[in-house]
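**Student:** This is the structure, below, for whatever I ask next.
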Amino acid sequence: MSIPSFFNMYQALIARPSISSLDPSWDHSNKAVIDLLAEWLEALNFKVEIQPLNDNPNKYNLLARRGSGKGGLLLSGHTDTVPFDEHRWHSDPFKLTERDNRWYGLGSIDMKGFFAFIIEELKRLPEQYQTKPIMILATADEETTMAGARELHHFPDLKPDYCIIGEPTQMQPIRAHKGHMTEAIKVIGRTGHSSDPRLGLNAIEIMHKVTTQLLEFKNRISHKYSNKLFDVSFPTMNLGSIHGGDNANRICGCCELQLDIRPLPGMHIDHLYAELLQLLQPIMKEYPNAIDLVPMHEPIPGFLEQADSALVSLAEKIAASPSCAVNYCTEAPFLQQLGCQTLVMGPGSINQAHQPNEFLELSDIETASKRFNTLINHLCFAETGR
């Protein structure tokens with residue numbers, strides 16, 4: 001088959017819903033996007049392997065490979081998007097719409113569009129001059145559990161020298177980011193009539209004690225750990241949601257608090273849990289079996305690539321700017337575990353991610369295309385092919 005134009009590739013990717021959500025009413029399979037990528041990559045003589053996820057056979061990872069030998073370059077992105085609020089969109093989220101010198105569409109920068117950029121550049125690079133393997137990885141469910149990136153063991157021969165993850169960074173190299181933990185603390189008390197406190201056990205009052213300790217934990221980790229690479233140089237904790245009780249004249253029998261922790265790279269998740277549980281232990285002892293700490297998803301560790309690595313140096317030279325760190329997280333720590341130098345660098349601005357009317361600035365296309373072309377050329381092609 002012939003590969004569509006850059007615009008038509010972008011359009012086709014946006015048109016195929018691939019929302020991942022913990023709410024089943026929103027959740028989609030990503031198979032339509034995977035199949036589309038497989039067709040285009042096979043047309044470029046890539047050998048394509050598609051693997052269903054262990055715990056969700058309706059979701060798929062794709063690995064495409066061209067070239068023989070060891071090492072090479074892995075270009076990685078996720079195929080899913082977040083849900084959307086149709087009332088806040090000014091156009092159909094699944095129709096690539098051009099206006100105001102922008103392309104609007106769900107996934108335009110986070111991050112289906114990345115695959116169109118990569119395939120467009122591969123169309124322009126003569127295969128006969130390729131000297132190192134090129135691999136394309138397309139994962140599932142990055143926006144929820146990162147389940148796809150956690151199942152890379154299904155591709156046992158995936159051992160690149162370098163990996164670039166095309167999340168939106170305005171094509172600036174990102175060599176570090178924080179991790180992510182989301183926890184729910186549940187307090188189970190005992191309901192009763194509010195006129196006699198002896199009849200129940202008030203879960204909100206217990207949660208008040210828990211919250212006091214959480215704020216102590218927040219203060220402790222913000223002073224104990226620091227990394228000047230980050231604008232927010234310390235690990236953060238946010239108390240994001242709390243619900244409890246059902247009526248003013250009933251003793252509250254249940255209260256739940258959901259919190260978000262962003263550890264720095266190098267911080268051990270297990271140690272954080274242990275420190276948090278140690279602070280909560282006196283309250284747990286005071287109220288046996290009343291307090292439960294429940295992870296809402298598997299934790300994501302922080303990510304750090306060495307400043308003097310060859311990939312960072314090359315990307316900084318191409319971007320004509322130093323690498324930096326960000327506070328959000330990506331699949332980078334899981335890909336780095338493959339043993340490769342890893343970097344996050346892609347088209348579009350993170351400010352547009354997860355927003356209504358997500359868009360790519362048309363003025364960014366030329367810059368992104370040239371930088372991807374230079375990176376791929378330098379790492380995988382002979383001088384005569386450049």
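A note on labels: chains of the structure tokens are A, B, ... as shown, every chain counts residues from 1, and ligands are counted from 1 in their shown order.
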Can you pull out every residue within 10 Å of range 350-367 of chain A, counting only C-alpha atoms, but drop anything in the same chain fewer than 5 positions away, and send it as a VMD selection string?

**Tutor:** chain A and resid 81 to 93 96 to 111 113 117 143 167 to 171 319 328 372 to 373

**Student:** Using only C-alpha atoms, which residues sit within 10 Å of range 242-250 of chain A once same-chain residues fewer than 5 positions away are excluded, as a list in words?

**Tutor:**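 In the requested form, the answer reads Ala184, Ile185, Lys186, Val187, Ile188, Arg190, Thr191, Gly192, His193, Ser194, Ser195, Asp196, Pro197, Gly200, Asn202, Ala203, Ile204, Met207, Cys255, Glu256, Leu257, Gln258 and Leu259 of chain A.
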
**Student:** Applying 9 Å and only C-alpha atoms, which residues near Ala332 in chain A remain after dropping the ones on its own chain fewer than 2 positions away? List them as a list of chain:residue names.

**Tutor:**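 Near neighbours after the sequence-gap exclusion: A:Ala149, A:Cys163, A:Ile164, A:Ile165, A:Ala176, A:His177, A:Gly302, A:Phe303, A:Leu304, A:Cys329, A:Thr330, A:Phe334, A:Leu335, A:Gln336, A:Gln337, A:Thr342, A:Leu343, A:Val344.
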
**Student:** Restrict the selected residues to N, CA and C atoms and save them as a PDB file, in the first residue's frame.

**Tutor:**
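Okay, this is what ended up in again16.pdb:
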ATOM      1  N   ALA A 149       3.627  -0.084  28.819  1.00  0.00           N
ATOM      2  CA  ALA A 149       5.060   0.073  29.082  1.00  0.00           C
ATOM      3  C   ALA A 149       5.560  -0.914  30.130  1.00  0.00           C
ATOM      4  N   CYS A 163      16.789   5.538  23.035  1.00  0.00           N
ATOM      5  CA  CYS A 163      15.328   5.607  22.975  1.00  0.00           C
ATOM      6  C   CYS A 163      14.895   7.066  23.074  1.00  0.00           C
ATOM      7  N   ILE A 164      14.012   7.474  22.160  1.00  0.00           N
ATOM      8  CA  ILE A 164      13.402   8.797  22.208  1.00  0.00           C
ATOM      9  C   ILE A 164      11.897   8.615  22.340  1.00  0.00           C
ATOM     10  N   ILE A 165      11.324   9.219  23.360  1.00  0.00           N
ATOM     11  CA  ILE A 165       9.884   9.159  23.615  1.00  0.00           C
ATOM     12  C   ILE A 165       9.293  10.497  23.174  1.00  0.00           C
ATOM     13  N   ALA A 176      14.959  14.301  32.557  1.00  0.00           N
ATOM     14  CA  ALA A 176      14.559  13.912  33.913  1.00  0.00           C
ATOM     15  C   ALA A 176      13.109  14.291  34.154  1.00  0.00           C
ATOM     16  N   HIS A 177      12.418  13.467  34.901  1.00  0.00           N
ATOM     17  CA  HIS A 177      11.083  13.840  35.379  1.00  0.00           C
ATOM     18  C   HIS A 177      10.773  13.129  36.690  1.00  0.00           C
ATOM     19  N   GLY A 302      10.571   7.899  39.280  1.00  0.00           N
ATOM     20  CA  GLY A 302      11.153   9.033  38.582  1.00  0.00           C
ATOM     21  C   GLY A 302      12.129   8.578  37.511  1.00  0.00           C
ATOM     22  N   PHE A 303      12.534   9.526  36.675  1.00  0.00           N
ATOM     23  CA  PHE A 303      13.410   9.212  35.541  1.00  0.00           C
ATOM     24  C   PHE A 303      14.555  10.220  35.491  1.00  0.00           C
ATOM     25  N   LEU A 304      15.768   9.697  35.235  1.00  0.00           N
ATOM     26  CA  LEU A 304      16.934  10.562  35.095  1.00  0.00           C
ATOM     27  C   LEU A 304      17.906   9.939  34.115  1.00  0.00           C
ATOM     28  N   CYS A 329       5.113  13.000  34.438  1.00  0.00           N
ATOM     29  CA  CYS A 329       5.843  11.753  34.208  1.00  0.00           C
ATOM     30  C   CYS A 329       5.440  11.117  32.883  1.00  0.00           C
ATOM     31  N   THR A 330       6.302  10.218  32.392  1.00  0.00           N
ATOM     32  CA  THR A 330       6.116   9.536  31.124  1.00  0.00           C
ATOM     33  C   THR A 330       6.484   8.061  31.287  1.00  0.00           C
ATOM     34  N   PHE A 334      10.382   3.053  32.401  1.00  0.00           N
ATOM     35  CA  PHE A 334      10.199   1.666  31.979  1.00  0.00           C
ATOM     36  C   PHE A 334      11.042   1.352  30.744  1.00  0.00           C
ATOM     37  N   LEU A 335      11.162   2.317  29.848  1.00  0.00           N
ATOM     38  CA  LEU A 335      11.982   2.114  28.655  1.00  0.00           C
ATOM     39  C   LEU A 335      13.471   2.155  29.000  1.00  0.00           C
ATOM     40  N   GLN A 336      13.831   2.980  29.943  1.00  0.00           N
ATOM     41  CA  GLN A 336      15.230   3.058  30.366  1.00  0.00           C
ATOM     42  C   GLN A 336      15.700   1.725  30.950  1.00  0.00           C
ATOM     43  N   GLN A 337      14.764   0.968  31.519  1.00  0.00           N
ATOM     44  CA  GLN A 337      15.102  -0.342  32.079  1.00  0.00           C
ATOM     45  C   GLN A 337      15.556  -1.336  31.011  1.00  0.00           C
ATOM     46  N   THR A 342      18.053   7.209  27.275  1.00  0.00           N
ATOM     47  CA  THR A 342      16.646   7.547  27.053  1.00  0.00           C
ATOM     48  C   THR A 342      16.428   9.044  27.186  1.00  0.00           C
ATOM     49  N   LEU A 343      15.541   9.560  26.336  1.00  0.00           N
ATOM     50  CA  LEU A 343      15.253  10.987  26.312  1.00  0.00           C
ATOM     51  C   LEU A 343      13.799  11.186  25.923  1.00  0.00           C
ATOM     52  N   VAL A 344      13.177  12.231  26.455  1.00  0.00           N
ATOM     53  CA  VAL A 344      11.815  12.605  26.068  1.00  0.00           C
ATOM     54  C   VAL A 344      11.913  13.850  25.200  1.00  0.00           C
TER      55      VAL A 344
END

**Student:** Using only C-alpha atoms, which protein or nucleic acid residues come within 10 Å of Arg175 in chain A? Drop anything in the same chain fewer than 3 positions from it, and give the result as a ChimeraX atom specification.

**Tutor:** /A:172,229,303-307,309,311-312,322-326,332,341-345

**Student:** For the selection you just gave me, I'd like the residues written to a file as a PDB file, in the first residue's frame, keeping C-alpha atoms.

**Tutor:**
ATOM      1  CA  GLN A 172      13.282  20.396  23.701  1.00  0.00           C
ATOM      2  CA  LEU A 229      17.204  20.265  38.010  1.00  0.00           C
ATOM      3  CA  PHE A 303      13.410   9.212  35.541  1.00  0.00           C
ATOM      4  CA  LEU A 304      16.934  10.562  35.095  1.00  0.00           C
ATOM      5  CA  GLU A 305      19.309  10.295  32.150  1.00  0.00           C
ATOM      6  CA  GLN A 306      22.925  11.302  32.676  1.00  0.00           C
ATOM      7  CA  ALA A 307      23.782  14.801  31.491  1.00  0.00           C
ATOM      8  CA  SER A 309      25.268  10.734  27.775  1.00  0.00           C
ATOM      9  CA  LEU A 311      22.046  10.960  23.315  1.00  0.00           C
ATOM     10  CA  VAL A 312      21.599  13.991  25.564  1.00  0.00           C
ATOM     11  CA  PRO A 322      20.240  22.499  27.171  1.00  0.00           C
ATOM     12  CA  SER A 323      18.232  19.517  28.365  1.00  0.00           C
ATOM     13  CA  CYS A 324      15.984  20.046  31.354  1.00  0.00           C
ATOM     14  CA  ALA A 325      13.616  18.357  33.812  1.00  0.00           C
ATOM     15  CA  VAL A 326       9.815  18.381  34.112  1.00  0.00           C
ATOM     16  CA  ALA A 332      10.661   6.824  30.259  1.00  0.00           C
ATOM     17  CA  GLN A 341      20.076   5.935  26.874  1.00  0.00           C
ATOM     18  CA  THR A 342      16.646   7.547  27.053  1.00  0.00           C
ATOM     19  CA  LEU A 343      15.253  10.987  26.312  1.00  0.00           C
ATOM     20  CA  VAL A 344      11.815  12.605  26.068  1.00  0.00           C
ATOM     21  CA  MET A 345      11.463  14.901  23.055  1.00  0.00           C
TER      22      MET A 345
END

**Student:** I want to know what sits within 10 Å of Ser68 in chain A, based on only C-alpha atoms, with residues of the same chain fewer than 3 positions away left out; could you give that as a CSV table (one decimal) with C-alpha atoms, in the first residue's frame?

**Tutor:**
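This is the output file around06.csv:
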chain,number,residue,atom,x,y,z
A,65,ARG,CA,11.7,-3.2,13.5
A,71,GLY,CA,21.5,-1.7,19.3
A,72,GLY,CA,20.0,1.0,17.2
A,130,GLN,CA,20.5,2.5,7.0
A,131,THR,CA,23.3,1.1,9.2
A,132,LYS,CA,21.6,0.5,12.6
A,133,PRO,CA,18.2,-1.0,13.5
A,134,ILE,CA,15.3,1.4,13.8

**Student:** List the neighbours of range 4-13 of chain A out to 7 Å using only C-alpha atoms; skip same-chain residues closer than 6 positions along the sequence, and give me the result as a list of chain:residue names.

**Tutor:** A:Val33, A:Lys95, A:Leu96, A:Lys112, A:Gly113, A:Ala116, A:Glu120
